[in-house]
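A.B. asks: The structure follows.
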Protein chains: 2
Amino acid sequence: MKIARNTTAKTAVLEIFEKSKTALSHAEIHKLTEDLCDRVTIYRILDRLVNDDVVHKIVNLDGTVKYAKCHHNAQRVHIHNHAHFSCEKCLEVTCLENVKPSYIIPHNYKVNDINFTLSGLCPNCLNSNI
Amino acid sequence: MKIARNTTAKTAVLEIFEKSKTALSHAEIHKLTEDLCDRVTIYRILDRLVNDDVVHKIVNLDGTVKYAKCHHNAQRVHIHNHAHFSCEKCLEVTCLENVKPSYIIPHNYKVNDINFTLSGLCPNCLNSNI
DNA sequence: TATCAAATGCAACATTGTTGCGTTTGATAT
DNA sequence: ATATCAAACGCAACAATGTTGCATTTGATA
Ligand SMILES: [Mn+2]
Ligand SMILES: [Mn+2]
Ligand SMILES: [Zn+2]
Ligand SMILES: [Zn+2]
């Protein structure tokens, strides 16, 4: 098996996730690192973090892909069965850790991953819309 | 307001949707039309069909985007609050019209659209895996 | 400090989706 | 049947996003 290493780029990306209250896109992360590394490296770091269940991927109907830190008690493998909200106005994507969808799926399906994203207006933008 | 027209390309795309049991990607649809029209036209037709709530868009965690016909009683505006299943092996995406997630979201969010996609192994692939 | 694979940089490429603009075409009225 | 006119189209050009191969660098360990 592979032995992971703590590189400066990976550490920087993790710090960025730690500080951010919203989910981040590849481009946003790359910009926030201020050219610390190549954009390909960011892709590869994100791949590894998703594989290690340190961050999770969020895909929205508009095609945007974002990433957010996993706020689970353990670093073990798990399914991210919580909702995400994508605001059509401010374009921010946030984890709604407490909104967990319940559903009944036939037993002959094996579910490995979930993408549950709601889009519309977030509380901020809904408020300023009045 | 715009007055829609029934072009040969749009008719062909609708027939393709009618015949297909699974959701289709832009590339798949374009191939099935056998170069009846430009690929940009397919994009524009899909945009219109989604806008008119004739088909709905499905986005998977692996980044693939697919479209499927809406099987609702009416052609009016509605939210597609049913699950979709994306098989990691055969790569087929199907609508699970009967699997509707229930969830409780704070009242200060306004939800306009939903993307609920489960990925894993479909019944066929799960079966042939034994 | 030597070792060695993990991780990176760079270039090149593929895929997907968008935009502008001149041309074609489908529906409607004449 | 024909004229009309905007909806829809074709084409080219572009942008964004993500992937791959390979030589080089770097982090952890001995
Ligand atoms: Mn989340
Ligand atoms: Mn569906
Ligand atoms: Zn907002
Ligand atoms: Zn399958």
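Order determines the names: the first chain of the structure tokens is A, the second B, and so forth; residues in each chain are numbered 1 upward, and ligands are numbered 1 upward as they are shown.
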At a cut-off of 10 Å, which residues of chain B touch chain A? Count only C-alpha atoms and give the answer as a compact mmCIF listing (two decimals) with N, CA and C atoms, in the first residue's frame.
C.D. replies:
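Done, and the output landed in result-v1.txt:
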# COMPACT_ATOMS: atom_id res chain seq x y z
N LYS B 57 -32.54 17.26 -15.88
CA LYS B 57 -31.10 17.07 -15.89
C LYS B 57 -30.68 16.28 -14.65
N ILE B 58 -29.71 15.40 -14.83
CA ILE B 58 -29.22 14.59 -13.72
C ILE B 58 -27.70 14.70 -13.70
N VAL B 59 -27.15 15.07 -12.56
CA VAL B 59 -25.71 15.22 -12.45
C VAL B 59 -25.17 14.23 -11.45
N ASN B 60 -24.16 13.49 -11.87
CA ASN B 60 -23.60 12.47 -11.00
C ASN B 60 -22.28 12.94 -10.37
N LEU B 61 -21.89 12.25 -9.31
CA LEU B 61 -20.65 12.62 -8.62
C LEU B 61 -19.42 12.49 -9.50
N ASP B 62 -19.48 11.60 -10.49
CA ASP B 62 -18.32 11.43 -11.36
C ASP B 62 -18.27 12.53 -12.44
N GLY B 63 -19.21 13.45 -12.39
CA GLY B 63 -19.18 14.58 -13.31
C GLY B 63 -20.06 14.41 -14.54
N THR B 64 -20.53 13.21 -14.79
CA THR B 64 -21.37 12.99 -15.97
C THR B 64 -22.73 13.66 -15.81
N VAL B 65 -23.18 14.22 -16.92
CA VAL B 65 -24.47 14.89 -16.96
C VAL B 65 -25.39 14.13 -17.90
N ASN B 81 -38.29 15.67 -7.59
CA ASN B 81 -37.83 15.19 -6.29
C ASN B 81 -37.85 13.67 -6.21
N HIS B 82 -37.25 13.04 -7.22
CA HIS B 82 -37.08 11.60 -7.11
C HIS B 82 -35.61 11.28 -7.28
N ALA B 83 -35.26 10.07 -6.86
CA ALA B 83 -33.85 9.68 -6.89
C ALA B 83 -33.43 9.19 -8.27
N HIS B 84 -32.13 9.24 -8.50
CA HIS B 84 -31.55 8.67 -9.70
C HIS B 84 -30.43 7.74 -9.29
N PHE B 85 -30.29 6.68 -10.06
CA PHE B 85 -29.23 5.75 -9.73
C PHE B 85 -28.20 5.68 -10.84
N SER B 86 -26.97 5.86 -10.45
CA SER B 86 -25.87 5.82 -11.41
C SER B 86 -24.99 4.63 -11.10
N CYS B 87 -24.98 3.66 -12.02
CA CYS B 87 -24.20 2.44 -11.77
C CYS B 87 -22.73 2.66 -12.10
N GLU B 88 -21.88 2.30 -11.15
CA GLU B 88 -20.44 2.50 -11.33
C GLU B 88 -19.85 1.51 -12.32
N LEU B 96 -35.35 6.67 -10.61
CA LEU B 96 -36.11 5.86 -9.66
C LEU B 96 -37.29 6.72 -9.23
N ASN B 98 -40.03 6.21 -8.04
CA ASN B 98 -40.75 5.90 -6.81
C ASN B 98 -39.93 6.17 -5.55
N VAL B 99 -38.64 6.43 -5.74
CA VAL B 99 -37.80 6.72 -4.58
C VAL B 99 -37.75 8.23 -4.37
N LYS B 100 -38.54 8.72 -3.44
CA LYS B 100 -38.60 10.16 -3.17
C LYS B 100 -38.02 10.44 -1.80
N PRO B 101 -36.97 11.25 -1.77
CA PRO B 101 -36.35 11.55 -0.48
C PRO B 101 -37.26 12.46 0.34
N SER B 102 -37.31 12.19 1.63
CA SER B 102 -37.99 13.14 2.51
C SER B 102 -36.94 13.76 3.40
N TYR B 103 -37.09 15.06 3.63
CA TYR B 103 -36.07 15.79 4.38
C TYR B 103 -36.71 17.04 4.97
N ILE B 104 -36.09 17.55 5.98
CA ILE B 104 -36.60 18.76 6.63
C ILE B 104 -35.55 19.85 6.52
N ILE B 105 -35.87 20.87 5.76
CA ILE B 105 -34.91 21.96 5.58
C ILE B 105 -35.46 23.21 6.25
N PRO B 106 -34.59 23.99 6.92
CA PRO B 106 -35.03 25.22 7.60
C PRO B 106 -35.87 26.10 6.66
N HIS B 107 -36.85 26.76 7.21
CA HIS B 107 -37.81 27.54 6.42
C HIS B 107 -37.19 28.73 5.72
N ASN B 108 -36.00 29.14 6.14
CA ASN B 108 -35.40 30.32 5.51
C ASN B 108 -34.57 29.98 4.26
N TYR B 109 -34.76 28.79 3.77
CA TYR B 109 -34.18 28.43 2.47
C TYR B 109 -35.33 28.31 1.47
N LYS B 110 -35.08 28.77 0.24
CA LYS B 110 -36.09 28.58 -0.81
C LYS B 110 -35.53 27.59 -1.83
N VAL B 111 -36.13 26.43 -1.92
CA VAL B 111 -35.64 25.38 -2.81
C VAL B 111 -36.34 25.46 -4.17
N ASN B 112 -35.55 25.59 -5.21
CA ASN B 112 -36.11 25.62 -6.56
C ASN B 112 -35.85 24.34 -7.34
N ASP B 113 -34.78 23.66 -6.97
CA ASP B 113 -34.42 22.47 -7.73
C ASP B 113 -33.70 21.46 -6.84
N ILE B 114 -33.76 20.22 -7.25
CA ILE B 114 -33.15 19.15 -6.46
C ILE B 114 -32.33 18.23 -7.35
N ASN B 115 -31.19 17.84 -6.87
CA ASN B 115 -30.42 16.80 -7.55
C ASN B 115 -30.08 15.73 -6.53
N PHE B 116 -30.73 14.60 -6.67
CA PHE B 116 -30.53 13.50 -5.72
C PHE B 116 -30.11 12.27 -6.50
N THR B 117 -28.82 12.00 -6.48
CA THR B 117 -28.29 10.89 -7.26
C THR B 117 -27.52 9.92 -6.37
N LEU B 118 -27.92 8.67 -6.44
CA LEU B 118 -27.22 7.62 -5.71
C LEU B 118 -26.34 6.88 -6.69
N SER B 119 -25.13 6.54 -6.26
CA SER B 119 -24.29 5.75 -7.14
C SER B 119 -23.84 4.48 -6.45
N GLY B 120 -23.56 3.48 -7.24
CA GLY B 120 -23.18 2.17 -6.71
C GLY B 120 -23.36 1.12 -7.76
N LEU B 121 -23.98 -0.01 -7.39
CA LEU B 121 -24.19 -1.09 -8.34
C LEU B 121 -25.69 -1.29 -8.57
N CYS B 122 -26.08 -1.32 -9.84
CA CYS B 122 -27.48 -1.53 -10.20
C CYS B 122 -27.81 -3.02 -10.06
N PRO B 123 -29.08 -3.38 -10.02
CA PRO B 123 -29.49 -4.78 -9.85
C PRO B 123 -28.80 -5.73 -10.83
N ASN B 124 -28.71 -5.32 -12.09
CA ASN B 124 -28.05 -6.17 -13.08
C ASN B 124 -26.61 -6.46 -12.71
N CYS B 125 -25.85 -5.40 -12.45
CA CYS B 125 -24.43 -5.54 -12.18
C CYS B 125 -24.17 -6.19 -10.82
N LEU B 126 -25.05 -5.95 -9.88
CA LEU B 126 -24.92 -6.56 -8.56
C LEU B 126 -25.08 -8.06 -8.69
N ASN B 127 -26.01 -8.46 -9.53
CA ASN B 127 -26.30 -9.86 -9.78
C ASN B 127 -25.13 -10.58 -10.43
A.B. asks: Both chains have the same sequence, so superpose chain A on chain B over all Cα atoms paired in order and return it as a PDB file with C-alpha atoms, in the first residue's frame.
C.D. replies:
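For reference, selection38.pdb as written:
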ATOM      1  CA  MET A   1     -42.977  35.607 -25.297  1.00  0.00           C
ATOM      2  CA  LYS A   2     -41.259  33.152 -27.585  1.00  0.00           C
ATOM      3  CA  ILE A   3     -43.264  30.803 -29.722  1.00  0.00           C
ATOM      4  CA  ALA A   4     -41.622  27.379 -29.835  1.00  0.00           C
ATOM      5  CA  ARG A   5     -41.305  25.447 -33.074  1.00  0.00           C
ATOM      6  CA  ASN A   6     -41.233  21.742 -33.766  1.00  0.00           C
ATOM      7  CA  THR A   7     -38.076  21.253 -35.727  1.00  0.00           C
ATOM      8  CA  THR A   8     -36.890  17.953 -37.130  1.00  0.00           C
ATOM      9  CA  ALA A   9     -33.962  17.880 -34.723  1.00  0.00           C
ATOM     10  CA  LYS A  10     -36.130  18.485 -31.690  1.00  0.00           C
ATOM     11  CA  THR A  11     -38.582  15.828 -32.827  1.00  0.00           C
ATOM     12  CA  ALA A  12     -35.737  13.337 -33.302  1.00  0.00           C
ATOM     13  CA  VAL A  13     -34.373  14.039 -29.829  1.00  0.00           C
ATOM     14  CA  LEU A  14     -37.800  13.569 -28.279  1.00  0.00           C
ATOM     15  CA  GLU A  15     -38.198  10.237 -30.060  1.00  0.00           C
ATOM     16  CA  ILE A  16     -34.827   9.132 -28.725  1.00  0.00           C
ATOM     17  CA  PHE A  17     -35.917   9.987 -25.199  1.00  0.00           C
ATOM     18  CA  GLU A  18     -39.169   8.120 -25.730  1.00  0.00           C
ATOM     19  CA  LYS A  19     -37.376   4.935 -26.734  1.00  0.00           C
ATOM     20  CA  SER A  20     -34.686   5.020 -24.071  1.00  0.00           C
ATOM     21  CA  LYS A  21     -35.142   3.303 -20.749  1.00  0.00           C
ATOM     22  CA  THR A  22     -32.130   5.064 -19.254  1.00  0.00           C
ATOM     23  CA  ALA A  23     -31.016   8.657 -18.991  1.00  0.00           C
ATOM     24  CA  LEU A  24     -28.854   9.903 -21.856  1.00  0.00           C
ATOM     25  CA  SER A  25     -25.851  12.182 -22.111  1.00  0.00           C
ATOM     26  CA  HIS A  26     -25.428  14.896 -24.702  1.00  0.00           C
ATOM     27  CA  ALA A  27     -22.832  12.804 -26.527  1.00  0.00           C
ATOM     28  CA  GLU A  28     -25.074   9.728 -26.550  1.00  0.00           C
ATOM     29  CA  ILE A  29     -27.974  11.712 -27.933  1.00  0.00           C
ATOM     30  CA  HIS A  30     -25.835  13.306 -30.599  1.00  0.00           C
ATOM     31  CA  LYS A  31     -24.551   9.901 -31.675  1.00  0.00           C
ATOM     32  CA  LEU A  32     -28.068   8.482 -31.783  1.00  0.00           C
ATOM     33  CA  THR A  33     -29.213  11.256 -34.123  1.00  0.00           C
ATOM     34  CA  GLU A  34     -26.490  10.148 -36.553  1.00  0.00           C
ATOM     35  CA  ASP A  35     -25.343  13.661 -37.381  1.00  0.00           C
ATOM     36  CA  LEU A  36     -28.811  14.903 -38.150  1.00  0.00           C
ATOM     37  CA  CYS A  37     -27.635  18.205 -36.707  1.00  0.00           C
ATOM     38  CA  ASP A  38     -24.708  20.001 -35.151  1.00  0.00           C
ATOM     39  CA  ARG A  39     -23.740  19.165 -31.583  1.00  0.00           C
ATOM     40  CA  VAL A  40     -24.415  22.761 -30.569  1.00  0.00           C
ATOM     41  CA  THR A  41     -27.986  22.279 -31.685  1.00  0.00           C
ATOM     42  CA  ILE A  42     -28.315  19.305 -29.346  1.00  0.00           C
ATOM     43  CA  TYR A  43     -27.131  21.492 -26.477  1.00  0.00           C
ATOM     44  CA  ARG A  44     -29.677  24.127 -27.360  1.00  0.00           C
ATOM     45  CA  ILE A  45     -32.499  21.624 -27.748  1.00  0.00           C
ATOM     46  CA  LEU A  46     -31.675  20.123 -24.351  1.00  0.00           C
ATOM     47  CA  ASP A  47     -31.639  23.580 -22.792  1.00  0.00           C
ATOM     48  CA  ARG A  48     -35.069  24.295 -24.162  1.00  0.00           C
ATOM     49  CA  LEU A  49     -36.499  20.937 -23.114  1.00  0.00           C
ATOM     50  CA  VAL A  50     -35.175  21.393 -19.576  1.00  0.00           C
ATOM     51  CA  ASN A  51     -36.595  24.902 -19.458  1.00  0.00           C
ATOM     52  CA  ASP A  52     -39.975  23.641 -20.631  1.00  0.00           C
ATOM     53  CA  ASP A  53     -39.866  20.859 -18.018  1.00  0.00           C
ATOM     54  CA  VAL A  54     -40.089  18.206 -20.716  1.00  0.00           C
ATOM     55  CA  VAL A  55     -36.840  16.568 -19.656  1.00  0.00           C
ATOM     56  CA  HIS A  56     -34.801  16.907 -16.494  1.00  0.00           C
ATOM     57  CA  LYS A  57     -31.097  17.036 -15.897  1.00  0.00           C
ATOM     58  CA  ILE A  58     -29.215  14.568 -13.728  1.00  0.00           C
ATOM     59  CA  VAL A  59     -25.697  15.220 -12.490  1.00  0.00           C
ATOM     60  CA  ASN A  60     -23.584  12.469 -11.032  1.00  0.00           C
ATOM     61  CA  LEU A  61     -20.639  12.653  -8.644  1.00  0.00           C
ATOM     62  CA  ASP A  62     -18.306  11.439 -11.390  1.00  0.00           C
ATOM     63  CA  GLY A  63     -19.158  14.561 -13.357  1.00  0.00           C
ATOM     64  CA  THR A  64     -21.352  12.967 -16.013  1.00  0.00           C
ATOM     65  CA  VAL A  65     -24.468  14.863 -16.980  1.00  0.00           C
ATOM     66  CA  LYS A  66     -27.508  13.017 -18.273  1.00  0.00           C
ATOM     67  CA  TYR A  67     -31.030  13.845 -19.271  1.00  0.00           C
ATOM     68  CA  ALA A  68     -34.289  11.940 -18.972  1.00  0.00           C
ATOM     69  CA  LYS A  69     -37.896  12.505 -19.891  1.00  0.00           C
ATOM     70  CA  CYS A  70     -40.200  13.776 -17.209  1.00  0.00           C
ATOM     71  CA  HIS A  71     -42.881  11.235 -16.399  1.00  0.00           C
ATOM     72  CA  HIS A  72     -45.297  13.550 -14.713  1.00  0.00           C
ATOM     73  CA  ASN A  73     -49.008  13.735 -15.326  1.00  0.00           C
ATOM     74  CA  ALA A  74     -48.812  17.303 -16.540  1.00  0.00           C
ATOM     75  CA  GLN A  75     -46.370  19.430 -18.495  1.00  0.00           C
ATOM     76  CA  ARG A  76     -46.367  22.141 -15.905  1.00  0.00           C
ATOM     77  CA  VAL A  77     -43.495  23.409 -13.785  1.00  0.00           C
ATOM     78  CA  HIS A  78     -42.466  20.970 -11.096  1.00  0.00           C
ATOM     79  CA  ILE A  79     -39.569  19.841  -8.941  1.00  0.00           C
ATOM     80  CA  HIS A  80     -37.959  16.527  -9.782  1.00  0.00           C
ATOM     81  CA  ASN A  81     -37.865  15.168  -6.307  1.00  0.00           C
ATOM     82  CA  HIS A  82     -37.090  11.578  -7.132  1.00  0.00           C
ATOM     83  CA  ALA A  83     -33.858   9.655  -6.896  1.00  0.00           C
ATOM     84  CA  HIS A  84     -31.555   8.644  -9.716  1.00  0.00           C
ATOM     85  CA  PHE A  85     -29.230   5.712  -9.734  1.00  0.00           C
ATOM     86  CA  SER A  86     -25.867   5.803 -11.418  1.00  0.00           C
ATOM     87  CA  CYS A  87     -24.189   2.406 -11.773  1.00  0.00           C
ATOM     88  CA  GLU A  88     -20.432   2.485 -11.339  1.00  0.00           C
ATOM     89  CA  LYS A  89     -20.032  -0.616 -13.476  1.00  0.00           C
ATOM     90  CA  CYS A  90     -22.363  -0.372 -16.487  1.00  0.00           C
ATOM     91  CA  LEU A  91     -22.443   3.446 -16.181  1.00  0.00           C
ATOM     92  CA  GLU A  92     -26.171   3.536 -16.809  1.00  0.00           C
ATOM     93  CA  VAL A  93     -28.243   6.187 -15.102  1.00  0.00           C
ATOM     94  CA  THR A  94     -31.883   5.468 -14.401  1.00  0.00           C
ATOM     95  CA  CYS A  95     -34.738   7.370 -12.832  1.00  0.00           C
ATOM     96  CA  LEU A  96     -36.107   5.827  -9.673  1.00  0.00           C
ATOM     97  CA  GLU A  97     -39.426   7.602  -9.901  1.00  0.00           C
ATOM     98  CA  ASN A  98     -40.737   5.862  -6.810  1.00  0.00           C
ATOM     99  CA  VAL A  99     -37.802   6.692  -4.581  1.00  0.00           C
ATOM    100  CA  LYS A 100     -38.637  10.103  -3.203  1.00  0.00           C
ATOM    101  CA  PRO A 101     -36.398  11.576  -0.553  1.00  0.00           C
ATOM    102  CA  SER A 102     -38.033  13.197   2.427  1.00  0.00           C
ATOM    103  CA  TYR A 103     -36.118  15.835   4.296  1.00  0.00           C
ATOM    104  CA  ILE A 104     -36.621  18.800   6.552  1.00  0.00           C
ATOM    105  CA  ILE A 105     -34.951  22.011   5.513  1.00  0.00           C
ATOM    106  CA  PRO A 106     -35.069  25.266   7.507  1.00  0.00           C
ATOM    107  CA  HIS A 107     -37.845  27.562   6.302  1.00  0.00           C
ATOM    108  CA  ASN A 108     -35.424  30.362   5.400  1.00  0.00           C
ATOM    109  CA  TYR A 109     -34.227  28.449   2.361  1.00  0.00           C
ATOM    110  CA  LYS A 110     -36.116  28.576  -0.907  1.00  0.00           C
ATOM    111  CA  VAL A 111     -35.676  25.379  -2.881  1.00  0.00           C
ATOM    112  CA  ASN A 112     -36.136  25.603  -6.634  1.00  0.00           C
ATOM    113  CA  ASP A 113     -34.441  22.437  -7.798  1.00  0.00           C
ATOM    114  CA  ILE A 114     -33.162  19.124  -6.511  1.00  0.00           C
ATOM    115  CA  ASN A 115     -30.404  16.804  -7.595  1.00  0.00           C
ATOM    116  CA  PHE A 116     -30.543  13.497  -5.767  1.00  0.00           C
ATOM    117  CA  THR A 117     -28.288  10.876  -7.285  1.00  0.00           C
ATOM    118  CA  LEU A 118     -27.220   7.611  -5.717  1.00  0.00           C
ATOM    119  CA  SER A 119     -24.268   5.744  -7.154  1.00  0.00           C
ATOM    120  CA  GLY A 120     -23.172   2.167  -6.706  1.00  0.00           C
ATOM    121  CA  LEU A 121     -24.190  -1.096  -8.326  1.00  0.00           C
ATOM    122  CA  CYS A 122     -27.458  -1.555 -10.183  1.00  0.00           C
ATOM    123  CA  PRO A 123     -29.477  -4.800  -9.833  1.00  0.00           C
ATOM    124  CA  ASN A 124     -28.018  -6.202 -13.055  1.00  0.00           C
ATOM    125  CA  CYS A 125     -24.410  -5.578 -12.150  1.00  0.00           C
ATOM    126  CA  LEU A 126     -24.895  -6.567  -8.522  1.00  0.00           C
ATOM    127  CA  ASN A 127     -26.276  -9.888  -9.725  1.00  0.00           C
ATOM    128  CA  SER A 128     -23.478 -10.608 -12.186  1.00  0.00           C
ATOM    129  CA  ASN A 129     -20.972  -9.803  -9.479  1.00  0.00           C
ATOM    130  CA  ILE A 130     -21.710 -12.870  -7.382  1.00  0.00           C
TER     131      ILE A 130
END
A.B. asks: What parts of region 12-60 of chain B does DSSP call helix (DSSP H, G or I)? I'd like the answer as an MDAnalysis selection string.
C.D. replies: chainID B and resid 12:19 26:32 39:51
A.B. asks: Which residues of chain C come within 10 Å of chain A, and for each one, what is the closest pair of atoms and their distance in Å to one decimal, counting only C-alpha atoms (C1' of nucleotides), sorted by chain and residue number, as CSV?
C.D. replies:
residue,atom,partner,partner_atom,distance
C:DA5,C1',A:Lys2,CA,8.7
C:DA6,C1',A:Arg5,CA,6.8
C:DA7,C1',A:Thr7,CA,7.7
C:DT8,C1',A:Thr41,CA,6.7
C:DG9,C1',A:Asp38,CA,6.6
C:DC10,C1',A:Asp38,CA,8.8
C:DG17,C1',A:Gly63,CA,9.9
A.B. asks: What residues in chain A get the DSSP label strand (DSSP E or B)? Please answer as a ChimeraX atom specification.
C.D. replies: /A:24,55-59,65-69,83-87,93-96,102,110-121
A.B. asks: Could you check which of D:DC22, D:DA7, D:DA13, D:DA28 is closest to chain A, using only C-alpha atoms (C1' of nucleotides)?
C.D. replies: D:DA28
A.B. asks: So which residues touch DA12 (chain D) within 12 Å, counting only C-alpha atoms (C1' of nucleotides), skipping near sequence neighbours fewer than 3 positions away, as a PyMOL selection string?
C.D. replies: (chain B and resi 40) or (chain C and resi 19-22)
A.B. asks: Save out the residues we just selected, C-alpha atoms (C1' of nucleotides), as a PDB file, in the first residue's frame.
C.D. replies:
ATOM      1  CA  VAL B  40     -24.430  22.757 -30.582  1.00  0.00           C
TER       2      VAL B  40
ATOM      3  C1'  DT C  19     -21.104  32.591 -27.753  1.00  0.00           C
ATOM      4  C1'  DG C  20     -21.572  35.445 -31.973  1.00  0.00           C
ATOM      5  C1'  DC C  21     -23.323  35.833 -36.333  1.00  0.00           C
ATOM      6  C1'  DG C  22     -24.977  34.920 -40.831  1.00  0.00           C
TER       7       DG C  22
END
A.B. asks: Report the distance between C1' of DT29 (chain D) and C1' of DC4 (chain C) in Å, rounded to one decimal place.
C.D. replies: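 Straight-line distance from C1' of DT29 (chain D) to C1' of DC4 (chain C) works out to 9.7 Å.
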